[in-house]
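Enquirer: final-v4.tsv is reproduced in full below (TSV, C-alpha atoms).
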```tsv
chain	number	residue	atom	x	y	z
N	1	MET	CA	0.00	0.00	0.00
N	2	SER	CA	1.23	3.52	-0.77
N	3	VAL	CA	2.39	6.09	1.79
N	4	ASP	CA	-1.03	7.72	1.70
N	5	ALA	CA	-2.71	4.29	2.03
N	6	GLY	CA	-4.75	4.90	-1.12
N	7	LEU	CA	-6.71	7.71	0.53
N	8	ARG	CA	-6.48	10.12	-2.40
N	9	PRO	CA	-8.70	8.09	-4.73
N	10	LEU	CA	-11.01	7.16	-1.84
N	11	PHE	CA	-11.72	10.83	-1.04
N	12	ARG	CA	-12.32	11.52	-4.74
N	13	LYS	CA	-14.71	8.58	-5.00
N	14	HIS	CA	-16.67	8.89	-1.76
N	15	LEU	CA	-17.04	12.61	-1.02
N	16	PRO	CA	-20.35	13.99	-2.35
N	17	LYS	CA	-20.52	15.30	-5.91
N	18	SER	CA	-20.75	18.84	-4.47
N	19	PHE	CA	-17.01	18.54	-3.71
N	20	ASP	CA	-14.36	19.41	-6.27
N	21	VAL	CA	-11.44	17.22	-5.15
N	22	VAL	CA	-7.95	17.63	-6.61
N	23	THR	CA	-5.05	15.41	-5.72
N	24	ILE	CA	-1.69	17.15	-5.49
N	25	GLU	CA	1.63	15.73	-6.66
N	26	SER	CA	4.04	18.44	-5.54
N	27	GLY	CA	7.17	16.29	-5.16
N	28	SER	CA	10.27	18.39	-4.69
N	29	VAL	CA	8.60	21.58	-5.95
N	30	GLY	CA	6.56	22.35	-2.85
N	31	ARG	CA	7.62	20.30	0.14
N	32	GLY	CA	4.99	19.92	2.82
N	33	ILE	CA	1.97	20.70	0.62
N	34	PRO	CA	-0.89	18.31	1.50
N	35	ASP	CA	-2.04	15.55	-0.84
N	36	ILE	CA	-5.61	16.70	-1.42
N	37	ASN	CA	-7.24	20.07	-2.07
N	38	TYR	CA	-11.03	20.38	-2.03
N	39	CYS	CA	-13.71	23.00	-2.48
N	40	CYS	CA	-17.42	22.69	-1.66
N	41	ASN	CA	-19.89	25.58	-1.82
N	42	GLY	CA	-17.12	28.14	-1.44
N	43	VAL	CA	-15.35	26.30	1.39
N	44	GLU	CA	-11.83	25.30	0.46
N	45	GLY	CA	-9.42	23.13	2.40
N	46	TRP	CA	-6.48	20.75	2.38
N	47	ILE	CA	-6.07	17.16	3.53
N	48	GLU	CA	-2.77	15.43	4.27
N	49	ALA	CA	-3.28	11.70	3.70
N	50	LYS	CA	-1.30	9.30	5.89
N	51	LYS	CA	-0.90	5.59	6.42
N	52	ALA	CA	-0.46	4.13	9.89
N	53	ASP	CA	0.58	0.62	10.68
N	54	HIS	CA	-0.73	0.09	14.15
N	55	TRP	CA	-0.67	3.41	16.05
N	56	ARG	CA	1.88	5.70	14.36
N	57	CYS	CA	2.10	7.69	11.14
N	58	VAL	CA	5.08	9.52	9.69
N	59	VAL	CA	4.81	13.31	9.68
N	60	ARG	CA	7.65	15.34	8.17
N	61	PRO	CA	8.74	18.70	9.66
N	62	GLU	CA	7.91	20.53	6.43
N	63	GLN	CA	4.33	19.17	6.64
N	64	ILE	CA	4.00	20.55	10.16
N	65	ALA	CA	5.38	23.92	9.05
N	66	TRP	CA	3.03	24.10	6.05
N	67	ALA	CA	-0.04	23.19	8.14
N	68	GLU	CA	0.77	25.64	10.93
N	69	ARG	CA	1.45	28.46	8.45
N	70	ARG	CA	-1.81	27.85	6.56
N	71	LEU	CA	-3.80	27.63	9.79
N	72	ALA	CA	-2.28	30.93	10.97
N	73	TYR	CA	-3.75	32.56	7.84
N	74	GLY	CA	-7.19	31.11	8.50
N	75	GLY	CA	-6.98	28.13	6.16
N	76	ARG	CA	-8.53	24.71	6.65
N	77	VAL	CA	-6.12	21.81	7.10
N	78	PHE	CA	-6.90	18.22	8.05
N	79	ILE	CA	-4.95	15.00	8.41
N	80	ALA	CA	-6.66	11.80	7.29
N	81	VAL	CA	-5.00	8.63	8.56
N	82	ARG	CA	-5.81	5.16	7.31
N	83	ARG	CA	-4.88	2.80	10.12
N	84	ASP	CA	-4.24	-0.88	9.43
N	85	SER	CA	-6.10	-0.55	6.10
N	86	CYS	CA	-9.55	-0.63	7.67
N	87	GLU	CA	-9.93	2.52	9.79
N	88	LEU	CA	-10.12	6.20	8.89
N	89	TRP	CA	-9.08	8.73	11.53
N	90	LEU	CA	-9.63	12.43	10.80
N	91	TYR	CA	-7.71	15.13	12.66
N	92	HIS	CA	-7.75	18.91	12.57
N	93	GLY	CA	-4.51	20.35	11.21
N	94	GLU	CA	-3.69	21.74	14.67
N	95	MET	CA	-2.84	18.16	15.64
N	96	THR	CA	-0.10	17.73	13.00
N	97	ARG	CA	2.76	18.39	15.41
N	98	ARG	CA	1.31	16.02	18.01
N	99	LEU	CA	0.94	13.25	15.43
N	100	LEU	CA	4.70	13.43	14.91
N	101	LYS	CA	5.36	12.32	18.49
N	102	GLU	CA	2.24	10.62	19.80
N	103	ARG	CA	0.14	7.56	19.07
N	104	LEU	CA	-3.02	8.11	17.04
N	105	ASP	CA	-5.22	7.23	19.98
N	106	ALA	CA	-3.48	9.80	22.22
N	107	VAL	CA	-4.25	12.73	19.88
N	108	PRO	CA	-7.79	14.21	19.83
N	109	CYS	CA	-9.48	13.33	16.55
N	110	LEU	CA	-12.58	14.69	14.87
N	111	GLY	CA	-13.84	11.22	14.05
N	112	ARG	CA	-12.88	7.66	13.28
N	113	TRP	CA	-14.61	5.03	11.23
N	114	GLY	CA	-13.99	1.31	10.86
N	115	GLY	CA	-14.70	-1.38	8.32
N	116	SER	CA	-14.15	-0.99	4.62
N	117	PRO	CA	-13.97	2.49	3.03
N	118	ALA	CA	-17.48	2.01	1.64
N	119	ARG	CA	-18.75	1.75	5.24
N	120	TRP	CA	-16.98	4.89	6.51
N	121	ASP	CA	-19.42	7.72	7.22
N	122	TRP	CA	-18.52	9.93	4.27
N	123	ALA	CA	-21.44	12.31	4.92
N	124	THR	CA	-20.00	13.10	8.35
N	125	VAL	CA	-16.50	13.41	6.87
N	126	ALA	CA	-17.85	15.92	4.33
N	127	GLU	CA	-19.62	17.84	7.08
N	128	LEU	CA	-16.45	18.02	9.19
N	129	LEU	CA	-14.43	19.26	6.20
N	130	THR	CA	-16.85	22.11	5.54
N	131	ALA	CA	-18.03	23.02	9.08
```
Once more with this new file: its structure as structure tokens, please.

Expert:
Amino acid sequence: MSVDAGLRPLFRKHLPKSFDVVTIESGSVGRGIPDINYCCNGVEGWIEAKKADHWRCVVRPEQIAWAERRLAYGGRVFIAVRRDSCELWLYHGEMTRRLLKERLDAVPCLGRWGGSPARWDWATVAELLTA
């Protein structure tokens, strides 16, 4: 499974049609830029997609810096973590630094869903992204 645990295509497939979802491949051009940009009814935001085997995910310092800078300017930033292939954990971008050092279950999350991606509560995910 890829570093983002296949979350990019899952967000494109499962978010409501009212979402314009763009996956970002910034590579060495823009280090730290999240993997997904979305817009829904004038609300725009960013999602960093992560994979976690067991209780940890890898967060790079440039991702923390990008998220904190964007949040300081009033932007929306989230971290979506696919844990052990069957769970989705969604965090506010303010938790990026904590995810570097702490277990997923020690960091306050906005929501978590189990089972296959088709069973995750995508309506609630969409609501959290636009609230």

Enquirer: Excluding Thr130 of chain N and its own-chain neighbours fewer than 5 positions away, which residues fall within 10 Å of it when counting only C-alpha atoms? Please give them as a PyMOL selection string.

Expert: chain N and resi 19+38-45+76+124-125

Enquirer: Between N:Ile33, N:Leu129, N:Val21, N:Ala106, which one has atoms that come closest to Arg69 of chain N, using only C-alpha atoms?

Expert: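 Smallest separation from Arg69 of chain N among the options: N:Ile33.
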
Enquirer: Between N:Glu48, N:Asp35, N:Asp20, N:Asp121, which residue has the minimum interatomic distance to His92 of chain N, considering all atoms listed in the file?

Expert: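 Answer, going by the shortest atom-to-atom distance: N:Glu48.
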
Enquirer: Figure out the distance between atom CA of Gly6 of chain N and atom CA of Trp55 of chain N, please, to one decimal in Å.

Expert: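 Answer for the atom CA of Trp55 of chain N to atom CA of Gly6 of chain N separation: 17.7 Å.
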
Enquirer: Out of N:His54, N:Arg60, N:Arg98, N:Arg12, which residue has the shortest atom-to-atom distance to Arg83 of chain N when counting all atoms listed in the file?

Expert: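 Among N:His54, N:Arg60, N:Arg98, N:Arg12, it is N:His54 that comes nearest to Arg83 of chain N.
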
Enquirer: Could you tell me how far atom CA of Ile47 of chain N lies from atom CA of Leu71 of chain N, in Å and to one decimal?

Expert: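 Separation between atom CA of Ile47 of chain N and atom CA of Leu71 of chain N: 12.4 Å.
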
Enquirer: One number please: atom CA of Trp122 of chain N to atom CA of Trp46 of chain N, in Å, one decimal.

Expert: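 Atom CA of Trp122 of chain N sits 16.3 Å away from atom CA of Trp46 of chain N.
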
Enquirer: Is it possible to add N, CA and C atoms to segment 23-49 of chain N and hand it back as a PDB file, in the frame of the given file?

Expert:
```pdb
ATOM      1  N   THR N  23      -6.198  16.000  -6.390  1.00  0.00           N
ATOM      2  CA  THR N  23      -5.050  15.410  -5.720  1.00  0.00           C
ATOM      3  C   THR N  23      -3.793  16.140  -6.183  1.00  0.00           C
ATOM      4  N   ILE N  24      -2.885  16.346  -5.252  1.00  0.00           N
ATOM      5  CA  ILE N  24      -1.690  17.150  -5.490  1.00  0.00           C
ATOM      6  C   ILE N  24      -0.460  16.245  -5.537  1.00  0.00           C
ATOM      7  N   GLU N  25       0.347  16.437  -6.535  1.00  0.00           N
ATOM      8  CA  GLU N  25       1.630  15.730  -6.660  1.00  0.00           C
ATOM      9  C   GLU N  25       2.722  16.785  -6.715  1.00  0.00           C
ATOM     10  N   SER N  26       3.098  17.314  -5.558  1.00  0.00           N
ATOM     11  CA  SER N  26       4.040  18.440  -5.540  1.00  0.00           C
ATOM     12  C   SER N  26       5.500  18.000  -5.586  1.00  0.00           C
ATOM     13  N   GLY N  27       5.801  16.788  -5.127  1.00  0.00           N
ATOM     14  CA  GLY N  27       7.170  16.290  -5.160  1.00  0.00           C
ATOM     15  C   GLY N  27       8.150  17.255  -4.539  1.00  0.00           C
ATOM     16  N   SER N  28       9.221  17.518  -5.225  1.00  0.00           N
ATOM     17  CA  SER N  28      10.270  18.390  -4.690  1.00  0.00           C
ATOM     18  C   SER N  28       9.974  19.874  -4.922  1.00  0.00           C
ATOM     19  N   VAL N  29       8.918  20.188  -5.651  1.00  0.00           N
ATOM     20  CA  VAL N  29       8.600  21.580  -5.950  1.00  0.00           C
ATOM     21  C   VAL N  29       8.058  22.314  -4.732  1.00  0.00           C
ATOM     22  N   GLY N  30       7.170  21.692  -3.991  1.00  0.00           N
ATOM     23  CA  GLY N  30       6.560  22.350  -2.850  1.00  0.00           C
ATOM     24  C   GLY N  30       6.490  21.399  -1.667  1.00  0.00           C
ATOM     25  N   ARG N  31       7.563  21.246  -0.961  1.00  0.00           N
ATOM     26  CA  ARG N  31       7.620  20.300   0.140  1.00  0.00           C
ATOM     27  C   ARG N  31       6.649  20.681   1.250  1.00  0.00           C
ATOM     28  N   GLY N  32       5.910  19.699   1.726  1.00  0.00           N
ATOM     29  CA  GLY N  32       4.990  19.920   2.820  1.00  0.00           C
ATOM     30  C   GLY N  32       3.551  20.175   2.391  1.00  0.00           C
ATOM     31  N   ILE N  33       3.330  20.433   1.091  1.00  0.00           N
ATOM     32  CA  ILE N  33       1.970  20.700   0.620  1.00  0.00           C
ATOM     33  C   ILE N  33       1.143  19.414   0.753  1.00  0.00           C
ATOM     34  N   PRO N  34      -0.061  19.499   1.329  1.00  0.00           N
ATOM     35  CA  PRO N  34      -0.890  18.310   1.500  1.00  0.00           C
ATOM     36  C   PRO N  34      -1.257  17.627   0.182  1.00  0.00           C
ATOM     37  N   ASP N  35      -1.755  16.414   0.305  1.00  0.00           N
ATOM     38  CA  ASP N  35      -2.040  15.550  -0.840  1.00  0.00           C
ATOM     39  C   ASP N  35      -3.336  15.874  -1.571  1.00  0.00           C
ATOM     40  N   ILE N  36      -4.286  16.486  -0.858  1.00  0.00           N
ATOM     41  CA  ILE N  36      -5.610  16.700  -1.420  1.00  0.00           C
ATOM     42  C   ILE N  36      -6.054  18.143  -1.160  1.00  0.00           C
ATOM     43  N   ASN N  37      -6.594  18.774  -2.206  1.00  0.00           N
ATOM     44  CA  ASN N  37      -7.240  20.070  -2.070  1.00  0.00           C
ATOM     45  C   ASN N  37      -8.702  19.865  -2.443  1.00  0.00           C
ATOM     46  N   TYR N  38      -9.610  20.523  -1.713  1.00  0.00           N
ATOM     47  CA  TYR N  38     -11.030  20.380  -2.030  1.00  0.00           C
ATOM     48  C   TYR N  38     -11.727  21.733  -1.913  1.00  0.00           C
ATOM     49  N   CYS N  39     -12.857  21.821  -2.586  1.00  0.00           N
ATOM     50  CA  CYS N  39     -13.710  23.000  -2.480  1.00  0.00           C
ATOM     51  C   CYS N  39     -15.154  22.517  -2.571  1.00  0.00           C
ATOM     52  N   CYS N  40     -15.995  23.055  -1.682  1.00  0.00           N
ATOM     53  CA  CYS N  40     -17.420  22.690  -1.660  1.00  0.00           C
ATOM     54  C   CYS N  40     -18.209  23.921  -1.238  1.00  0.00           C
ATOM     55  N   ASN N  41     -19.044  24.411  -2.125  1.00  0.00           N
ATOM     56  CA  ASN N  41     -19.890  25.580  -1.820  1.00  0.00           C
ATOM     57  C   ASN N  41     -19.086  26.743  -1.260  1.00  0.00           C
ATOM     58  N   GLY N  42     -17.950  27.003  -1.854  1.00  0.00           N
ATOM     59  CA  GLY N  42     -17.120  28.140  -1.440  1.00  0.00           C
ATOM     60  C   GLY N  42     -16.201  27.867  -0.275  1.00  0.00           C
ATOM     61  N   VAL N  43     -16.234  26.674   0.285  1.00  0.00           N
ATOM     62  CA  VAL N  43     -15.350  26.300   1.390  1.00  0.00           C
ATOM     63  C   VAL N  43     -14.210  25.478   0.822  1.00  0.00           C
ATOM     64  N   GLU N  44     -12.998  25.984   1.001  1.00  0.00           N
ATOM     65  CA  GLU N  44     -11.830  25.300   0.460  1.00  0.00           C
ATOM     66  C   GLU N  44     -10.951  24.798   1.603  1.00  0.00           C
ATOM     67  N   GLY N  45     -10.299  23.667   1.380  1.00  0.00           N
ATOM     68  CA  GLY N  45      -9.420  23.130   2.400  1.00  0.00           C
ATOM     69  C   GLY N  45      -8.411  22.146   1.835  1.00  0.00           C
ATOM     70  N   TRP N  46      -7.584  21.650   2.732  1.00  0.00           N
ATOM     71  CA  TRP N  46      -6.480  20.750   2.380  1.00  0.00           C
ATOM     72  C   TRP N  46      -6.504  19.541   3.306  1.00  0.00           C
ATOM     73  N   ILE N  47      -6.136  18.396   2.748  1.00  0.00           N
ATOM     74  CA  ILE N  47      -6.070  17.160   3.530  1.00  0.00           C
ATOM     75  C   ILE N  47      -4.721  16.496   3.277  1.00  0.00           C
ATOM     76  N   GLU N  48      -4.000  16.234   4.347  1.00  0.00           N
ATOM     77  CA  GLU N  48      -2.770  15.430   4.270  1.00  0.00           C
ATOM     78  C   GLU N  48      -3.182  13.993   4.523  1.00  0.00           C
ATOM     79  N   ALA N  49      -2.910  13.110   3.585  1.00  0.00           N
ATOM     80  CA  ALA N  49      -3.280  11.700   3.700  1.00  0.00           C
ATOM     81  C   ALA N  49      -2.096  10.896   4.225  1.00  0.00           C
TER      82      ALA N  49
END
```
